[in-house]
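J.: Just passing along the structure, written as structure tokens.
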Amino acid sequence: MLDDILGQTSAKRALTIAVAGRHNILFTGPPGTGKTLLAKASASLLPPPSLDEQIAITKLHSLNTLCTQIITERPYRAPHHSASLAALLGGGPNLIPGEISLAHLGILHLDELLEFPRDRIEALRQPLESHSITLSRLGRHISYPADFMLIATTNPCPCGYYGSDANTCTCTPSALYNYRRKLSGPLLDRIDIAAELRCEQNTLPQSHPDGIPEQSMAEKLIKGAQAQQFKRYHDPTKFNGRLSSSEVIGFCQLSAPARHLLDEASKRYQLSARSFFKIIKLAQTIADLTATQEIAPEHIAEAIHYRPHFTP
């Protein structure tokens, strides 16, 4: 629950946007700032699965475990960084699904992302792009769905305090480089939101100015944003974070000032085509949170603010 997390207002805003549009998100910050708690709180913000989704989730899980009844909640999978490649992707003699597929229609939470071996991290690239994964063994091939929302958390450096105002980082430049280089550009390009958490002075839990708890306010905003998406796409399973480039062009309407701002940002930051469309999709979700039909400059500006730039 968001109400259990003290402070970190901007990170909670980022999580609300991510859940509303099914965007992948990376939380970075020193130990103890609430990264893992935020990731766990995401499960309480997702709407319950439809009957068709419950059946799809149950079918997948029945291949991996013994299911005695239908699963009525969205999966929340949080494999440890010591998990094997087969545990993440799936495999074995019977080609059973792994954590990536078991997170289908739910959340895959990778805590301490950069503690995972690089081959595990790079294995995410295909499912994040195609929302499915294909396993092969002895001439057999099988594809499993893997349409999950990725929530990753990481420290900014091995000791955890790079850029911290409260503690001094003790990492050497080479240690920092080797740590951060595990997260490649192509994979980072598939993350929609990068939210940085800072050490904050402990405060009492905050409520909305109208007296509404943060959890209730976030749920209300997400429900409204998803209603806007259903109205636009006429498909309860279609979200802004899952739009193709052609769908972005067809559905997302930018005002002239917003388009100008995006063009200027594209030149300044030399955005790839994927990053360019990702900003539009993210801006569309931000607009949907306020039931705004046209993407405005402030929506583009906030989306650019969340642009991942976690580099060695």
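We label chains A, B, ... in the order they appear in the structure tokens, count residues from 1 in each chain, and number ligands from 1 in the order shown.
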Which residues of stretch 163-204 of chain A have any atom within 8 Å of an atom in stretch 108-125 of chain A when counting only C-alpha atoms, and what is the closest pair of atoms for each, with the distance in Å to one decimal? Order the rows by chain and rising number and write it as a tab-separated table.
T.:
residue	atom	partner	partner_atom	distance
A:Tyr179	CA	A:Leu114	CA	6.8
A:Arg180	CA	A:Leu114	CA	7.2
A:Lys182	CA	A:Arg118	CA	5.4
A:Leu183	CA	A:Leu114	CA	7.2
A:Ser184	CA	A:Glu122	CA	7.8
A:Pro186	CA	A:Arg125	CA	7.7
A:Leu187	CA	A:Arg125	CA	5.8
A:Arg190	CA	A:Arg125	CA	7.6
J.: Pick out the residues sitting within 8 Å of stretch 261-275 of chain A, and hand them over as a VMD selection string; count only C-alpha atoms, and ignore anything fewer than 5 positions along from it in its own chain.
T.: chain A and resid 189 297 300 to 301 304
J.: Those selected residues, please, written with C-alpha atoms and delivered as a JSON list (two decimals), in the first residue's frame.
T.:
[["chain", "number", "residue", "atom", "x", "y", "z"],
["A", 189, "ASP", "CA", 15.62, 1.73, -24.20],
["A", 297, "PRO", "CA", 3.57, 20.51, -23.62],
["A", 300, "ILE", "CA", 5.64, 15.87, -22.95],
["A", 301, "ALA", "CA", 7.91, 17.69, -20.47],
["A", 304, "ILE", "CA", 10.98, 13.58, -20.95]]
J.: Can you pull out every residue from stretch 54-266 of chain A that DSSP, working from the backbone, puts in strand (DSSP E or B), and format the result as a ChimeraX atom specification?
T.: /A:76-77,90-91,96-97,107-110,132-137,140-145,149-154,193-196,207,213,254
J.: Need the shell around stretch 131-138 of chain A: protein/DNA/RNA residues with any atom at most 7 Å away, counting only C-alpha atoms. Skip same-chain ones fewer than 4 positions apart. Format as a list of chain:residue names?
T.: A:Gly91, A:Leu95, A:Pro127, A:Ile142, A:Ser143, A:Tyr144, A:Pro145, A:Ala146, A:Asp147
J.: If I take atom CA of A:Ala83 and atom CA of A:Ser130, how far is one from the other in Å, to one decimal?
T.: 22.6 Å
J.: Could you give me, as a CSV table (one decimal) with N, CA and C atoms, in the first residue's frame, the residues within 8 Å of stretch 247-253 of chain A, counting only C-alpha atoms and dropping anything in the same chain fewer than 2 positions from it?
T.:
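Below is the file that was written, part-v7.csv:
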chain,number,residue,atom,x,y,z
A,232,ARG,N,-10.7,5.0,-26.0
A,232,ARG,CA,-9.9,5.3,-27.2
A,232,ARG,C,-9.7,4.0,-28.0
A,243,LEU,N,1.4,0.2,-27.1
A,243,LEU,CA,1.1,0.6,-28.5
A,243,LEU,C,2.2,0.4,-29.4
A,244,SER,N,2.0,0.1,-30.7
A,244,SER,CA,3.0,0.0,-31.7
A,244,SER,C,3.2,1.5,-32.2
A,245,SER,N,4.3,1.6,-33.0
A,245,SER,CA,4.5,3.0,-33.6
A,245,SER,C,3.4,3.5,-34.5
A,255,SER,N,-0.7,18.5,-29.4
A,255,SER,CA,-0.9,19.9,-29.7
A,255,SER,C,0.3,20.4,-30.5
A,277,PHE,N,8.9,7.5,-29.7
A,277,PHE,CA,7.6,7.0,-29.5
A,277,PHE,C,7.2,6.7,-28.1
A,280,ILE,N,6.0,9.7,-26.3
A,280,ILE,CA,4.6,10.0,-26.7
A,280,ILE,C,3.6,9.1,-25.9
A,281,LYS,N,4.0,7.8,-25.9
A,281,LYS,CA,3.1,6.9,-25.1
A,281,LYS,C,3.0,7.3,-23.7
A,284,GLN,N,0.9,10.3,-23.3
A,284,GLN,CA,-0.5,10.0,-23.4
A,284,GLN,C,-1.1,9.5,-22.1
A,293,GLN,N,-7.8,15.3,-23.6
A,293,GLN,CA,-7.9,14.6,-24.9
A,293,GLN,C,-6.7,14.8,-25.7
A,294,GLU,N,-6.0,15.9,-25.6
A,294,GLU,CA,-4.9,16.2,-26.5
A,294,GLU,C,-3.6,16.3,-25.6
A,295,ILE,N,-2.5,15.8,-26.1
A,295,ILE,CA,-1.3,15.8,-25.3
A,295,ILE,C,-0.7,17.3,-25.4
J.: Expressed in Å to a single decimal, how great is the separation between atom CA of A:His141 and atom CA of A:Arg242?
T.: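 Calculated distance between atom CA of A:His141 and atom CA of A:Arg242 is 25.6 Å.
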J.: For A:Ala303, find every residue with an atom within 8 Å (counting only C-alpha atoms), except residues of its own chain fewer than 3 positions away, and show them as a ChimeraX atom specification.
T.: /A:279-280,282-283,286,299-300,306-307
J.: Residues within 10 Å of stretch 4-12 of chain A, please, as a PyMOL selection string. Count only C-alpha atoms; anything in the same chain fewer than 2 positions from it doesn't count.
T.: chain A and resi 1-2+14-18+27-28+33-35+37-38+41-42+194-206+214-215+218
J.: Mind giving me the straight-line distance from atom CA of A:Gly32 to atom CA of A:Leu102 in Å, one decimal?
T.: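 Going from atom CA of A:Gly32 over to atom CA of A:Leu102 covers 28.5 Å.
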